Amino acid sequence: TATIGIIGAMDEEIHQLTADLLDGQTFQHQGSTFHQGRLFGQQVLITKCGIGKVNAAMTTQALLSLGIQKIIFTGVAGGVTPGLQVGDIVISTDLIQHDVDVTPLGYQLGLIPDEQFSWNADEQLQALALESAQQIEGIHAVKGRIASGDQFIASKDRVRWMHDTFQVAAAEMEGAAVAQVASKWGVPFVVIRSLSDTADGEANVDYRSFMPLVAIRAKSVVRGMLQRM
Ligand code: ADE
């Protein structure tokens, strides 16, 4: 059967999934820890990548080298689209890297030379994630562009800049690295982020209060997806 790779950046983002794993076994591979087993009828490999694009890229490469066929990233993000609120869910349409700047050499802001500007999430996985989110009582879910960078965003100016410059819906620190690596392997992926804050002046406080609560929402979406596959 197909193996689905599930990645989260932190323990809070994967814990409930590893807890439900049947016939689970844990092993090390290329510097990352993997939890293998059955989850809601699917063969899965769950891993925590750690924070930031380098960790995310490294773990994605290790996961792909184990032969998985699909990647689902679950976690929290800061909301960027005006009106989005803590607890809302953003499902990636595509991902960009907002901290890339090679403009002095004439390249578009956010573009890594000789790479694509954004990486598209798989349409079927997006649809499945949205359908699964809409089944969860009281959850507001949208599809949108997700921006990643090695920065915790906590200013209204930065949020406005990100929205106006890149039409971003949510900001986080790993998704686009997963997307870049998975795209090179030709493996479909989707990023599901529940909003822990709105990336403004209160983001640090909101993040600490809401992160453990809202991370559960993103995991519920993943659970629903696995049940529907
Ligand atoms: N993850 C959750 N909130 C975030 C923020 N404001 N910036 C970057 N990553 C985040």
# chains A, B, ... in the order shown; residues from 1 in each chain; ligands from 1
call {"tool": "closest_atom_pairs", "arguments": {"of": "chain A", "to": "ligand 1", "cutoff": "10 Å", "atoms": "only C-alpha atoms and all ligand atoms", "output": "tab-separated table"}}
result
residue	atom	partner	partner_atom_place_in_ligand_line	distance
A:Ala9	CA	ligand 1	1 (N)	9.7
A:Ile51	CA	ligand 1	9 (N)	9.2
A:Gly52	CA	ligand 1	9 (N)	9.0
A:Gly75	CA	ligand 1	1 (N)	8.1
A:Val76	CA	ligand 1	2 (C)	5.1
A:Ala77	CA	ligand 1	2 (C)	3.5
A:Gly78	CA	ligand 1	3 (N)	3.8
A:Gly79	CA	ligand 1	6 (N)	7.3
A:Val80	CA	ligand 1	6 (N)	8.8
A:Val86	CA	ligand 1	3 (N)	9.9
A:Ala147	CA	ligand 1	8 (C)	9.0
A:Ser148	CA	ligand 1	8 (C)	7.5
A:Gly149	CA	ligand 1	8 (C)	7.4
A:Asp150	CA	ligand 1	8 (C)	7.8
A:Gln151	CA	ligand 1	8 (C)	5.9
A:Phe152	CA	ligand 1	7 (N)	3.6
A:Ile153	CA	ligand 1	7 (N)	3.8
A:Ala154	CA	ligand 1	6 (N)	5.4
A:Ser155	CA	ligand 1	6 (N)	8.5
A:Val159	CA	ligand 1	6 (N)	9.0
A:Ala170	CA	ligand 1	5 (C)	8.3
A:Ala171	CA	ligand 1	8 (C)	5.3
A:Glu172	CA	ligand 1	9 (N)	3.4
A:Met173	CA	ligand 1	9 (N)	5.1
A:Glu174	CA	ligand 1	9 (N)	8.4
A:Arg193	CA	ligand 1	2 (C)	8.7
A:Ser194	CA	ligand 1	2 (C)	8.6
A:Leu195	CA	ligand 1	2 (C)	6.8
A:Ser196	CA	ligand 1	2 (C)	5.6
A:Asp197	CA	ligand 1	3 (N)	5.6
A:Thr198	CA	ligand 1	6 (N)	6.3
A:Ala199	CA	ligand 1	6 (N)	3.7
A:Asp200	CA	ligand 1	6 (N)	7.1
A:Gly201	CA	ligand 1	6 (N)	9.4
A:Glu202	CA	ligand 1	6 (N)	9.2
A:Ala203	CA	ligand 1	6 (N)	5.6
A:Asn204	CA	ligand 1	6 (N)	7.3
A:Asp206	CA	ligand 1	3 (N)	8.6
A:Tyr207	CA	ligand 1	3 (N)	6.0
A:Arg208	CA	ligand 1	3 (N)	9.3
A:Phe210	CA	ligand 1	2 (C)	9.6
A:Met211	CA	ligand 1	2 (C)	7.5
A:Ala215	CA	ligand 1	2 (C)	9.9
call {"tool": "atom_distance", "arguments": {"atom1": "atom CA of A:Asp157", "atom2": "atom CA of A:Gly144"}}
result
20.1 Å
call {"tool": "atom_distance", "arguments": {"atom1": "atom CA of A:Asp94", "atom2": "atom CA of A:Gln227"}}
result
24.1 Å
call {"tool": "atom_distance", "arguments": {"atom1": "atom CA of A:Gln36", "atom2": "atom CA of A:Gly24"}}
result
5.4 Å
call {"tool": "residues_around", "arguments": {"residues": "stretch 115-120 of chain A", "least_positions_apart": "4", "cutoff": "10 Å", "atoms": "only C-alpha atoms", "output": "ChimeraX atom specification"}}
result
/A:92-97,108-111,145-147,175-184,188-190
call {"tool": "write_last_selection", "arguments": {"atoms": "C-alpha atoms", "output": "JSON list (two decimals), in the first residue's frame"}}
result
[["chain", "number", "residue", "atom", "x", "y", "z"],
["A", 92, "SER", "CA", -1.91, 25.70, 0.73],
["A", 93, "THR", "CA", -2.61, 26.43, -2.92],
["A", 94, "ASP", "CA", 1.08, 27.23, -3.43],
["A", 95, "LEU", "CA", 4.09, 28.18, -1.34],
["A", 96, "ILE", "CA", 6.75, 30.86, -1.59],
["A", 97, "GLN", "CA", 9.85, 31.93, 0.37],
["A", 108, "GLN", "CA", 12.21, 39.18, -8.74],
["A", 109, "LEU", "CA", 11.88, 39.45, -4.93],
["A", 110, "GLY", "CA", 11.33, 35.95, -3.48],
["A", 111, "LEU", "CA", 12.83, 34.18, -6.48],
["A", 145, "ARG", "CA", -0.81, 30.99, -0.67],
["A", 146, "ILE", "CA", 1.50, 30.21, 2.25],
["A", 147, "ALA", "CA", 4.82, 32.03, 2.72],
["A", 175, "GLY", "CA", 6.16, 24.76, 4.20],
["A", 176, "ALA", "CA", 7.94, 26.17, 1.16],
["A", 177, "ALA", "CA", 11.07, 24.15, 1.90],
["A", 178, "VAL", "CA", 9.00, 20.96, 1.97],
["A", 179, "ALA", "CA", 7.31, 22.13, -1.24],
["A", 180, "GLN", "CA", 10.60, 22.86, -3.02],
["A", 181, "VAL", "CA", 12.11, 19.46, -2.20],
["A", 182, "ALA", "CA", 8.90, 17.47, -2.86],
["A", 183, "SER", "CA", 8.47, 19.25, -6.22],
["A", 184, "LYS", "CA", 11.96, 18.21, -7.31],
["A", 188, "PRO", "CA", 2.45, 15.51, -4.38],
["A", 189, "PHE", "CA", 2.12, 17.48, -1.14],
["A", 190, "VAL", "CA", -0.16, 19.82, 0.77]]
call {"tool": "residues_around", "arguments": {"residues": "A:Thr3", "least_positions_apart": "2", "cutoff": "8 Å", "atoms": "only C-alpha atoms", "output": "PyMOL selection string"}}
result
chain A and resi 1+5+42-45+67-70
call {"tool": "residues_around", "arguments": {"residues": "A:Ile14", "least_positions_apart": "2", "cutoff": "8 Å", "atoms": "only C-alpha atoms", "output": "count of residues only"}}
result
13
call {"tool": "residues_around", "arguments": {"residues": "stretch 125-142 of chain A", "least_positions_apart": "5", "cutoff": "10 Å", "atoms": "only C-alpha atoms", "output": "PyMOL selection string"}}
result
chain A and resi 70-72+84-85+87-93+169+188-194+217-218+220-229
call {"tool": "select_by_dssp", "arguments": {"residues": "stretch 25-159 of chain A", "states": "helix (DSSP H, G or I)", "output": "ChimeraX atom specification"}}
result
/A:53-65,103-105,123-134,156-159
call {"tool": "select_by_dssp", "arguments": {"residues": "stretch 128-197 of chain A", "states": "strand (DSSP E or B)", "output": "list of chain:residue names"}}
result
A:Ala141, A:Val142, A:Lys143, A:Gly144, A:Arg145, A:Ile146, A:Ala147, A:Ser148, A:Ala170, A:Ala171, A:Glu172, A:Phe189, A:Val190, A:Val191, A:Ile192, A:Arg193, A:Ser194, A:Leu195, A:Ser196, A:Asp197
call {"tool": "write_last_selection", "arguments": {"atoms": "C-alpha atoms", "output": "short mmCIF file (atom, residue, chain, number, x, y, z; two decimals), in the first residue's frame"}}
result
data_model
loop_
_atom_site.label_atom_id
_atom_site.label_comp_id
_atom_site.auth_asym_id
_atom_site.auth_seq_id
_atom_site.Cartn_x
_atom_site.Cartn_y
_atom_site.Cartn_z
CA ALA A 141 -11.11 26.88 6.40
CA VAL A 142 -9.77 28.65 3.32
CA LYS A 143 -7.32 27.84 0.54
CA GLY A 144 -4.48 30.29 -0.05
CA ARG A 145 -0.81 30.99 -0.67
CA ILE A 146 1.50 30.21 2.25
CA ALA A 147 4.82 32.03 2.72
CA SER A 148 7.77 30.53 4.56
CA ALA A 170 -0.49 32.76 6.10
CA ALA A 171 3.13 32.91 7.24
CA GLU A 172 5.15 30.10 8.76
CA PHE A 189 2.12 17.48 -1.14
CA VAL A 190 -0.16 19.82 0.77
CA VAL A 191 0.42 22.10 3.78
CA ILE A 192 -2.36 22.50 6.37
CA ARG A 193 -1.92 25.32 8.87
CA SER A 194 -4.16 26.34 11.72
CA LEU A 195 -3.68 29.98 12.78
CA SER A 196 -2.10 30.49 16.21
CA ASP A 197 -1.83 34.29 15.77
#
call {"tool": "residues_around", "arguments": {"residues": "A:Leu22", "least_positions_apart": "5", "cutoff": "9 Å", "atoms": "only C-alpha atoms", "output": "PDB file with C-alpha atoms, in the first residue's frame"}}
result
ATOM      1  CA  GLN A  36       5.960   4.175  11.056  1.00  0.00           C
ATOM      2  CA  GLY A  37       2.629   2.386  11.320  1.00  0.00           C
ATOM      3  CA  ARG A  38      -1.048   2.414  10.404  1.00  0.00           C
ATOM      4  CA  LEU A  39      -3.196   5.460  11.042  1.00  0.00           C
ATOM      5  CA  PHE A  40      -6.913   5.478  10.168  1.00  0.00           C
TER       6      PHE A  40
END
call {"tool": "decode", "arguments": {"residues": "stretch 121-160 of chain A", "atoms": "N, CA and C atoms", "output": "PDB file, in the first residue's frame"}}
result
ATOM      1  N   ALA A 121       0.833  23.172  -4.500  1.00  0.00           N
ATOM      2  CA  ALA A 121       0.379  21.984  -3.771  1.00  0.00           C
ATOM      3  C   ALA A 121      -0.514  21.164  -4.702  1.00  0.00           C
ATOM      4  N   ASP A 122      -0.609  19.866  -4.407  1.00  0.00           N
ATOM      5  CA  ASP A 122      -1.410  18.945  -5.223  1.00  0.00           C
ATOM      6  C   ASP A 122      -2.901  19.296  -5.114  1.00  0.00           C
ATOM      7  N   GLU A 123      -3.567  19.370  -6.272  1.00  0.00           N
ATOM      8  CA  GLU A 123      -4.991  19.766  -6.309  1.00  0.00           C
ATOM      9  C   GLU A 123      -5.882  18.791  -5.538  1.00  0.00           C
ATOM     10  N   GLN A 124      -5.627  17.497  -5.723  1.00  0.00           N
ATOM     11  CA  GLN A 124      -6.474  16.487  -5.055  1.00  0.00           C
ATOM     12  C   GLN A 124      -6.308  16.529  -3.535  1.00  0.00           C
ATOM     13  N   LEU A 125      -5.054  16.705  -3.089  1.00  0.00           N
ATOM     14  CA  LEU A 125      -4.821  16.785  -1.643  1.00  0.00           C
ATOM     15  C   LEU A 125      -5.434  18.059  -1.067  1.00  0.00           C
ATOM     16  N   GLN A 126      -5.389  19.156  -1.841  1.00  0.00           N
ATOM     17  CA  GLN A 126      -6.041  20.403  -1.398  1.00  0.00           C
ATOM     18  C   GLN A 126      -7.536  20.185  -1.222  1.00  0.00           C
ATOM     19  N   ALA A 127      -8.147  19.550  -2.229  1.00  0.00           N
ATOM     20  CA  ALA A 127      -9.599  19.327  -2.196  1.00  0.00           C
ATOM     21  C   ALA A 127      -9.978  18.420  -1.026  1.00  0.00           C
ATOM     22  N   LEU A 128      -9.168  17.381  -0.823  1.00  0.00           N
ATOM     23  CA  LEU A 128      -9.417  16.448   0.278  1.00  0.00           C
ATOM     24  C   LEU A 128      -9.288  17.158   1.629  1.00  0.00           C
ATOM     25  N   ALA A 129      -8.286  18.015   1.755  1.00  0.00           N
ATOM     26  CA  ALA A 129      -8.075  18.757   3.008  1.00  0.00           C
ATOM     27  C   ALA A 129      -9.241  19.712   3.271  1.00  0.00           C
ATOM     28  N   LEU A 130      -9.700  20.388   2.234  1.00  0.00           N
ATOM     29  CA  LEU A 130     -10.799  21.339   2.399  1.00  0.00           C
ATOM     30  C   LEU A 130     -12.079  20.605   2.800  1.00  0.00           C
ATOM     31  N   GLU A 131     -12.344  19.496   2.100  1.00  0.00           N
ATOM     32  CA  GLU A 131     -13.538  18.703   2.390  1.00  0.00           C
ATOM     33  C   GLU A 131     -13.499  18.199   3.844  1.00  0.00           C
ATOM     34  N   SER A 132     -12.340  17.731   4.243  1.00  0.00           N
ATOM     35  CA  SER A 132     -12.184  17.200   5.593  1.00  0.00           C
ATOM     36  C   SER A 132     -12.332  18.321   6.638  1.00  0.00           C
ATOM     37  N   ALA A 133     -11.779  19.506   6.352  1.00  0.00           N
ATOM     38  CA  ALA A 133     -11.886  20.644   7.284  1.00  0.00           C
ATOM     39  C   ALA A 133     -13.331  21.097   7.419  1.00  0.00           C
ATOM     40  N   GLN A 134     -14.052  21.079   6.299  1.00  0.00           N
ATOM     41  CA  GLN A 134     -15.437  21.562   6.315  1.00  0.00           C
ATOM     42  C   GLN A 134     -16.364  20.632   7.097  1.00  0.00           C
ATOM     43  N   GLN A 135     -15.916  19.396   7.302  1.00  0.00           N
ATOM     44  CA  GLN A 135     -16.719  18.449   8.095  1.00  0.00           C
ATOM     45  C   GLN A 135     -16.555  18.685   9.597  1.00  0.00           C
ATOM     46  N   ILE A 136     -15.536  19.471   9.974  1.00  0.00           N
ATOM     47  CA  ILE A 136     -15.300  19.684  11.404  1.00  0.00           C
ATOM     48  C   ILE A 136     -16.136  20.872  11.870  1.00  0.00           C
ATOM     49  N   GLU A 137     -16.964  20.605  12.850  1.00  0.00           N
ATOM     50  CA  GLU A 137     -17.913  21.594  13.382  1.00  0.00           C
ATOM     51  C   GLU A 137     -17.203  22.886  13.818  1.00  0.00           C
ATOM     52  N   GLY A 138     -17.704  24.016  13.331  1.00  0.00           N
ATOM     53  CA  GLY A 138     -17.223  25.310  13.813  1.00  0.00           C
ATOM     54  C   GLY A 138     -15.875  25.741  13.261  1.00  0.00           C
ATOM     55  N   ILE A 139     -15.372  25.060  12.239  1.00  0.00           N
ATOM     56  CA  ILE A 139     -14.063  25.447  11.704  1.00  0.00           C
ATOM     57  C   ILE A 139     -14.204  26.232  10.398  1.00  0.00           C
ATOM     58  N   HIS A 140     -13.492  27.356  10.329  1.00  0.00           N
ATOM     59  CA  HIS A 140     -13.464  28.154   9.111  1.00  0.00           C
ATOM     60  C   HIS A 140     -12.168  27.831   8.371  1.00  0.00           C
ATOM     61  N   ALA A 141     -12.303  27.275   7.163  1.00  0.00           N
ATOM     62  CA  ALA A 141     -11.114  26.881   6.401  1.00  0.00           C
ATOM     63  C   ALA A 141     -11.103  27.572   5.042  1.00  0.00           C
ATOM     64  N   VAL A 142      -9.922  28.033   4.642  1.00  0.00           N
ATOM     65  CA  VAL A 142      -9.768  28.651   3.323  1.00  0.00           C
ATOM     66  C   VAL A 142      -8.545  28.060   2.631  1.00  0.00           C
ATOM     67  N   LYS A 143      -8.521  28.196   1.294  1.00  0.00           N
ATOM     68  CA  LYS A 143      -7.324  27.845   0.543  1.00  0.00           C
ATOM     69  C   LYS A 143      -6.558  29.139   0.274  1.00  0.00           C
ATOM     70  N   GLY A 144      -5.242  29.084   0.233  1.00  0.00           N
ATOM     71  CA  GLY A 144      -4.479  30.295  -0.053  1.00  0.00           C
ATOM     72  C   GLY A 144      -2.993  30.038  -0.138  1.00  0.00           C
ATOM     73  N   ARG A 145      -2.273  31.086  -0.544  1.00  0.00           N
ATOM     74  CA  ARG A 145      -0.811  30.994  -0.667  1.00  0.00           C
ATOM     75  C   ARG A 145      -0.183  31.066   0.725  1.00  0.00           C
ATOM     76  N   ILE A 146       0.777  30.205   0.970  1.00  0.00           N
ATOM     77  CA  ILE A 146       1.495  30.210   2.245  1.00  0.00           C
ATOM     78  C   ILE A 146       2.941  30.630   1.986  1.00  0.00           C
ATOM     79  N   ALA A 147       3.441  31.556   2.852  1.00  0.00           N
ATOM     80  CA  ALA A 147       4.815  32.033   2.718  1.00  0.00           C
ATOM     81  C   ALA A 147       5.653  31.505   3.867  1.00  0.00           C
ATOM     82  N   SER A 148       6.848  31.019   3.535  1.00  0.00           N
ATOM     83  CA  SER A 148       7.768  30.531   4.561  1.00  0.00           C
ATOM     84  C   SER A 148       9.030  31.376   4.580  1.00  0.00           C
ATOM     85  N   GLY A 149       9.628  31.485   5.760  1.00  0.00           N
ATOM     86  CA  GLY A 149      10.893  32.186   5.904  1.00  0.00           C
ATOM     87  C   GLY A 149      11.445  31.877   7.279  1.00  0.00           C
ATOM     88  N   ASP A 150      12.733  32.089   7.466  1.00  0.00           N
ATOM     89  CA  ASP A 150      13.338  31.805   8.767  1.00  0.00           C
ATOM     90  C   ASP A 150      13.163  33.002   9.693  1.00  0.00           C
ATOM     91  N   GLN A 151      11.911  33.413   9.866  1.00  0.00           N
ATOM     92  CA  GLN A 151      11.561  34.562  10.705  1.00  0.00           C
ATOM     93  C   GLN A 151      10.196  34.320  11.328  1.00  0.00           C
ATOM     94  N   PHE A 152      10.053  34.650  12.613  1.00  0.00           N
ATOM     95  CA  PHE A 152       8.729  34.671  13.232  1.00  0.00           C
ATOM     96  C   PHE A 152       8.177  36.071  12.979  1.00  0.00           C
ATOM     97  N   ILE A 153       7.066  36.158  12.283  1.00  0.00           N
ATOM     98  CA  ILE A 153       6.507  37.452  11.881  1.00  0.00           C
ATOM     99  C   ILE A 153       5.624  38.005  13.001  1.00  0.00           C
ATOM    100  N   ALA A 154       5.940  39.210  13.456  1.00  0.00           N
ATOM    101  CA  ALA A 154       5.198  39.802  14.573  1.00  0.00           C
ATOM    102  C   ALA A 154       5.113  41.319  14.409  1.00  0.00           C
ATOM    103  N   SER A 155       4.674  41.785  13.241  1.00  0.00           N
ATOM    104  CA  SER A 155       4.459  43.217  13.040  1.00  0.00           C
ATOM    105  C   SER A 155       3.432  43.462  11.944  1.00  0.00           C
ATOM    106  N   LYS A 156       2.550  44.397  12.224  1.00  0.00           N
ATOM    107  CA  LYS A 156       1.490  44.742  11.266  1.00  0.00           C
ATOM    108  C   LYS A 156       2.077  45.173   9.923  1.00  0.00           C
ATOM    109  N   ASP A 157       3.191  45.928   9.966  1.00  0.00           N
ATOM    110  CA  ASP A 157       3.834  46.394   8.735  1.00  0.00           C
ATOM    111  C   ASP A 157       4.317  45.220   7.889  1.00  0.00           C
ATOM    112  N   ARG A 158       4.921  44.249   8.543  1.00  0.00           N
ATOM    113  CA  ARG A 158       5.438  43.057   7.852  1.00  0.00           C
ATOM    114  C   ARG A 158       4.284  42.264   7.233  1.00  0.00           C
ATOM    115  N   VAL A 159       3.182  42.166   7.974  1.00  0.00           N
ATOM    116  CA  VAL A 159       2.006  41.450   7.496  1.00  0.00           C
ATOM    117  C   VAL A 159       1.448  42.140   6.250  1.00  0.00           C
ATOM    118  N   ARG A 160       1.323  43.490   6.323  1.00  0.00           N
ATOM    119  CA  ARG A 160       0.782  44.247   5.190  1.00  0.00           C
ATOM    120  C   ARG A 160       1.700  44.086   3.977  1.00  0.00           C
TER     121      ARG A 160
END
